[in-house]
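Peer 1: Take a look at the following structure, please.
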Amino acid sequence: MTDFDLTYTILLIVIAFAVIMGTVTYLTLAERKVSAWVQDRLGPNRVGPGGLLQPIVDGIKFFFKEDIIPKHVDRVFYFIAPGVGVATALLAFSIVPFGPSVPPPRPTAVTAEHPVEIAVAEHHSEMEAYRSARTYAIAPGLDIGILFAFALGSLVVYGIILGGWSSNSKYSLLGSLRSSAQIISYEIPLGMSVLGVFLFVGSVNLEKILDYQVHHGWFVLYQPLAFLLFMVSVFAECNRLPFDLPEAEQELVGGFHTEYGSMKLGLMLMVDYIHMITTSFFMAILFFGGWHFPGLTDIGGTAGLVIKFVALAFKVFVFLMLYLLIRWTIPRFKFDQLMGLAWQVLIPLAMVNLLCVMAVKEFGLSPWMLTATSVITFIAAAVIATRERSTVVSRLLHEPVAVA
Amino acid sequence: MPTKTVRWVDEPKVGLFERMYLPAIAQGLATTVRHIFKPQVRTEGYPEEEPNLPPNYRGVHRLNKDEQGRVRCVACYMCATACPAHCIDIVAAEAPPEWTDREKYPETFVIDELRCIYCGMCEEACPVDAIELTTLYDLTGLSREEMIFDKEKLLSVFDYTVQAGTDPVRTRGGHYGPAAEPAK
């Protein structure tokens, strides 16, 4: 673990918080603009040049609105729910390295030419170098790495559940129930899909995963199926279309945030966007090599540092745009289709993917075998799903029918 | 029980291409992205961009003047009769003696712009092309009395549109009514 420096950590916290809040506000504007352009109209363009001051004005509106607490709500949970949601969503961001990282040193081997004293000294110097290297994560080098984020992701649903339950209204309750079922179901393929990545790297530590990708190539090349499963699960975790039943504006009025107004509503909406940003970072780091770009990131010095930041920011930006575009491309899933997708499709595919990874690791095959098996598994699953399914209607079809 | 004509409608078959979902989603994404870069509809940025109105747009009325600056209207009451909303009020009087080609002229000509339904029947009815509907659409007033236009106001609308060059289609196109140029 790198040394803990209080001032540096506080500085990083302030910077990360400011950047996240700024990105969240401008993500609301980006969402409105991109949604508008996709629908052949212009987004908000009255406030400031091209509408750039719109999020600031919206924030001011949220602050100055009267905070109404309906009489029929459960006061304690009504207060806590937005706070729980935002706190856990922000906490999950603390392990994300948003800049270049150095991996912790590997264990040094003791051999005949490499006696104990030299090995120990070498290891000590490597540990010193690791400890004093500058890291760009608030909680760097966490050995449980991404499990921390997954655990906190499960806690985010508490904000939604408490919000819906305390609102004491049918719409909110239905929304929060759907959301809790959806998020809990999709956590399983979320974890299982990245098990293949962890098996390859041998660790859950984010720095080690990044280091592996720098030396061996991005994981999206070797495990495209795992990436696809992760992306689908993450869309469901963030309550984004096509999985946004909990917020289904056309059905549930507002879902779990119907009874909320002003800043509490602002916080609830922020949870959605903060989760989007965190999961985009994870997609970029776990599968797309994070700050690594072949060729460009070999440049050292300040220029190299800037290039690394820009590379990671660019990848996160691409994923955020994908979030926004997919919203207007695919229709919403029905609730039984949603559950069926998680339990009947994603989990079996994740298990098959895991089996292939285990086979490749066991027999020492080339990782490119995994690309082949991913594609074959995907197509095989599609072929299996296309077979004729016997339903009541189709059975009736084959019976003779009286025609007048 | 009588047999009915039954028509079975099959569910559309979901083939391999659709079951793979990803190619269909990619197609959808292509459509979505295409709409970003090639919008099918152009949005007009009002009020910075004024709309481009066709010349036969039915806006505020004007009373036309001829080359000598006299009001063209001969107070024949055809527009007041044709008006479905009964918003035109004319009081006819004997024309000044120096106007030899007409017998009557309107002493007062009042149109209640708030009652008007802007149908253009008065414009169609007028035989001497005296009343026309212009392309002025953003008409506002602070009281109901303000929106009752009398003859001076209507003639001032004429001066304004002549100056702005926004003559309605009749004057622009040169189509004149049957009595526009009366016999000398």
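Chain lettering (A, B, ...) mirrors the order of the structure tokens, residue numbering begins at 1 for each chain separately, and ligand numbering begins at 1 in order of display.
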Write out as a VMD selection string each polymer residue whose atoms come within 12 Å of A:Ile326, counting only C-alpha atoms; drop sequence neighbours fewer than 6 positions from it.

Peer 2: (chain A and resid 31 34 to 35 38 231 to 232 235 240 to 244 319 to 320 332) or (chain B and resid 22 25 to 33)

Peer 1: Quick check: residues of chain B within 12 Å of chain A, only C-alpha atoms, returned as JSON, numbers by chain.

Peer 2: {"B": [1, 2, 3, 4, 5, 6, 7, 8, 9, 10, 11, 13, 14, 15, 16, 17, 18, 19, 20, 21, 22, 23, 24, 25, 26, 27, 28, 29, 30, 31, 32, 33, 34, 35, 36, 37, 38, 39, 40, 41, 42, 43, 44, 45, 46, 47, 48]}

Peer 1: What parts of stretch 126-227 of chain A does DSSP call helix (DSSP H, G or I)? I'd like the answer as number ranges by chain.

Peer 2: A: 126-132, 145-166, 170-193, 195-201, 206-216, 219-222, 224-227

Peer 1: Set the distance at 10 Å and use only C-alpha atoms: which residues neighbour stretch 285-294 of chain A once local chain neighbours fewer than 6 positions away are removed? I'd like the list as a ChimeraX atom specification.

Peer 2: /A:96-101,146,194,197-198,206-207,209-215,217-224,226-227,230,279,305,307-316

Peer 1: Can you write just those residues out, N, CA and C atoms, as a compact mmCIF listing (two decimals), in the first residue's frame?

Peer 2:
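Listing of selection.txt after writing:
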# COMPACT_ATOMS: atom_id res chain seq x y z
N VAL A 96 -11.25 4.41 -7.74
CA VAL A 96 -11.00 4.48 -9.17
C VAL A 96 -9.73 5.28 -9.42
N PRO A 97 -8.75 4.71 -10.11
CA PRO A 97 -7.56 5.48 -10.47
C PRO A 97 -7.85 6.30 -11.71
N PHE A 98 -7.88 7.61 -11.55
CA PHE A 98 -8.19 8.41 -12.73
C PHE A 98 -6.93 8.98 -13.37
N GLY A 99 -5.82 8.37 -13.09
CA GLY A 99 -4.58 8.77 -13.73
C GLY A 99 -3.67 7.56 -13.83
N PRO A 100 -2.45 7.77 -14.29
CA PRO A 100 -1.54 6.63 -14.42
C PRO A 100 -1.25 6.01 -13.05
N SER A 101 -1.06 4.71 -13.06
CA SER A 101 -0.83 3.98 -11.81
C SER A 101 0.36 3.07 -11.97
N ILE A 146 -11.90 -3.98 -6.84
CA ILE A 146 -13.21 -3.72 -7.38
C ILE A 146 -14.32 -4.34 -6.56
N VAL A 194 -16.75 -10.51 -14.69
CA VAL A 194 -15.37 -10.07 -14.55
C VAL A 194 -14.50 -11.11 -13.85
N VAL A 197 -11.61 -11.95 -15.97
CA VAL A 197 -10.52 -10.97 -15.91
C VAL A 197 -9.66 -11.21 -14.69
N PHE A 198 -10.32 -11.48 -13.55
CA PHE A 198 -9.55 -11.67 -12.33
C PHE A 198 -8.71 -12.92 -12.41
N LEU A 206 -6.86 -3.14 -8.76
CA LEU A 206 -7.02 -2.43 -10.02
C LEU A 206 -5.68 -2.08 -10.65
N GLU A 207 -4.69 -1.79 -9.81
CA GLU A 207 -3.40 -1.43 -10.39
C GLU A 207 -2.78 -2.61 -11.11
N ILE A 209 -4.45 -5.08 -12.50
CA ILE A 209 -5.21 -5.33 -13.72
C ILE A 209 -4.74 -4.39 -14.83
N LEU A 210 -4.53 -3.12 -14.48
CA LEU A 210 -4.06 -2.17 -15.47
C LEU A 210 -2.69 -2.56 -15.99
N ASP A 211 -1.82 -2.99 -15.07
CA ASP A 211 -0.47 -3.35 -15.47
C ASP A 211 -0.50 -4.54 -16.42
N TYR A 212 -1.38 -5.53 -16.13
CA TYR A 212 -1.48 -6.69 -17.01
C TYR A 212 -1.89 -6.27 -18.41
N GLN A 213 -2.84 -5.31 -18.47
CA GLN A 213 -3.32 -4.90 -19.80
C GLN A 213 -2.26 -4.12 -20.55
N VAL A 214 -1.43 -3.39 -19.81
CA VAL A 214 -0.37 -2.63 -20.49
C VAL A 214 0.59 -3.59 -21.16
N HIS A 215 0.86 -4.73 -20.48
CA HIS A 215 1.87 -5.64 -21.03
C HIS A 215 1.30 -6.67 -21.96
N GLY A 217 -2.02 -6.51 -23.54
CA GLY A 217 -3.14 -6.18 -24.42
C GLY A 217 -4.44 -6.07 -23.65
N TRP A 218 -5.33 -5.28 -24.19
CA TRP A 218 -6.59 -4.97 -23.52
C TRP A 218 -7.46 -6.21 -23.43
N PHE A 219 -8.24 -6.28 -22.35
CA PHE A 219 -9.07 -7.46 -22.14
C PHE A 219 -10.26 -7.54 -23.10
N VAL A 220 -10.64 -6.41 -23.68
CA VAL A 220 -11.77 -6.49 -24.59
C VAL A 220 -11.42 -7.31 -25.81
N LEU A 221 -10.11 -7.40 -26.12
CA LEU A 221 -9.72 -8.21 -27.26
C LEU A 221 -9.83 -9.69 -26.94
N TYR A 222 -9.50 -10.04 -25.70
CA TYR A 222 -9.48 -11.46 -25.36
C TYR A 222 -10.82 -11.95 -24.86
N GLN A 223 -11.60 -11.08 -24.24
CA GLN A 223 -12.86 -11.55 -23.65
C GLN A 223 -14.00 -10.62 -24.03
N PRO A 224 -14.34 -10.54 -25.30
CA PRO A 224 -15.42 -9.63 -25.69
C PRO A 224 -16.76 -10.01 -25.08
N ALA A 226 -17.25 -11.28 -22.10
CA ALA A 226 -17.26 -10.78 -20.73
C ALA A 226 -17.55 -9.28 -20.72
N PHE A 227 -16.97 -8.56 -21.68
CA PHE A 227 -17.22 -7.13 -21.75
C PHE A 227 -18.68 -6.84 -22.02
N PHE A 230 -20.67 -7.51 -18.93
CA PHE A 230 -20.42 -6.45 -17.94
C PHE A 230 -21.17 -5.19 -18.32
N THR A 279 -19.21 3.67 -13.23
CA THR A 279 -19.19 2.44 -14.00
C THR A 279 -18.53 2.64 -15.36
N LEU A 305 2.16 12.32 -18.93
CA LEU A 305 1.13 12.34 -17.89
C LEU A 305 -0.18 12.89 -18.42
N ILE A 307 -1.10 13.00 -21.52
CA ILE A 307 -1.68 12.07 -22.51
C ILE A 307 -2.44 10.96 -21.80
N LYS A 308 -1.88 10.49 -20.65
CA LYS A 308 -2.55 9.39 -19.96
C LYS A 308 -3.90 9.85 -19.42
N PHE A 309 -3.91 11.06 -18.83
CA PHE A 309 -5.19 11.58 -18.34
C PHE A 309 -6.21 11.69 -19.46
N VAL A 310 -5.71 12.24 -20.59
CA VAL A 310 -6.63 12.48 -21.70
C VAL A 310 -7.15 11.17 -22.25
N ALA A 311 -6.27 10.14 -22.31
CA ALA A 311 -6.72 8.86 -22.85
C ALA A 311 -7.83 8.28 -21.99
N LEU A 312 -7.63 8.31 -20.66
CA LEU A 312 -8.67 7.77 -19.79
C LEU A 312 -9.94 8.59 -19.89
N ALA A 313 -9.79 9.92 -19.93
CA ALA A 313 -10.98 10.77 -20.02
C ALA A 313 -11.72 10.51 -21.31
N PHE A 314 -10.97 10.29 -22.40
CA PHE A 314 -11.61 10.04 -23.67
C PHE A 314 -12.41 8.75 -23.64
N LYS A 315 -11.84 7.71 -23.04
CA LYS A 315 -12.56 6.44 -22.99
C LYS A 315 -13.82 6.57 -22.15
N VAL A 316 -13.70 7.28 -21.01
CA VAL A 316 -14.88 7.46 -20.17
C VAL A 316 -15.94 8.25 -20.93

Peer 1: List the spatial neighbours of stretch 164-181 of chain A as a ChimeraX atom specification - criterion: any atom at most 12 Å away, only C-alpha atoms, same-chain residues fewer than 3 positions off excluded.

Peer 2: /A:69-82,153-161,184-188,236-240,243-261,268,334-336,338-339,342-343

Peer 1: Enter the distance from atom CA of A:Glu66 to atom CA of A:Ser262, in Å, rounded to one decimal.

Peer 2: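 Here the two named atoms are 6.7 Å from each other.
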
Peer 1: Quick one: pull the distance between atom CA of A:Thr377 and atom CA of A:Met276, Å, one decimal.

Peer 2: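 Atom CA of A:Thr377 sits 28.4 Å away from atom CA of A:Met276.
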
Peer 1: Can you check which residues of stretch 108-146 of chain B DSSP gives as strand (DSSP E) on the backbone and send them as a ChimeraX atom specification?

Peer 2: /B:108-112,131-133

Peer 1: Show me, as a list in words, the residues that have an atom within 10 Å of B:Cys73 when counting only C-alpha atoms, minus same-chain residues fewer than 4 positions from it.

Peer 2: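 What passes the distance filter is Leu63, Asn64, Lys65, Asp66, Tyr77, Arg102, Lys104, Tyr105, Pro106, Phe109, Cys126, Pro127, Val128, Asp129, Ala130, Ile131 and Ala180 of chain B.
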
Peer 1: For atom CA of A:Gly145 and atom CA of A:Thr302, determine how far apart the two atoms are, in Å to one decimal place.

Peer 2: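 For atom CA of A:Gly145 relative to atom CA of A:Thr302, the distance reads 27.3 Å.
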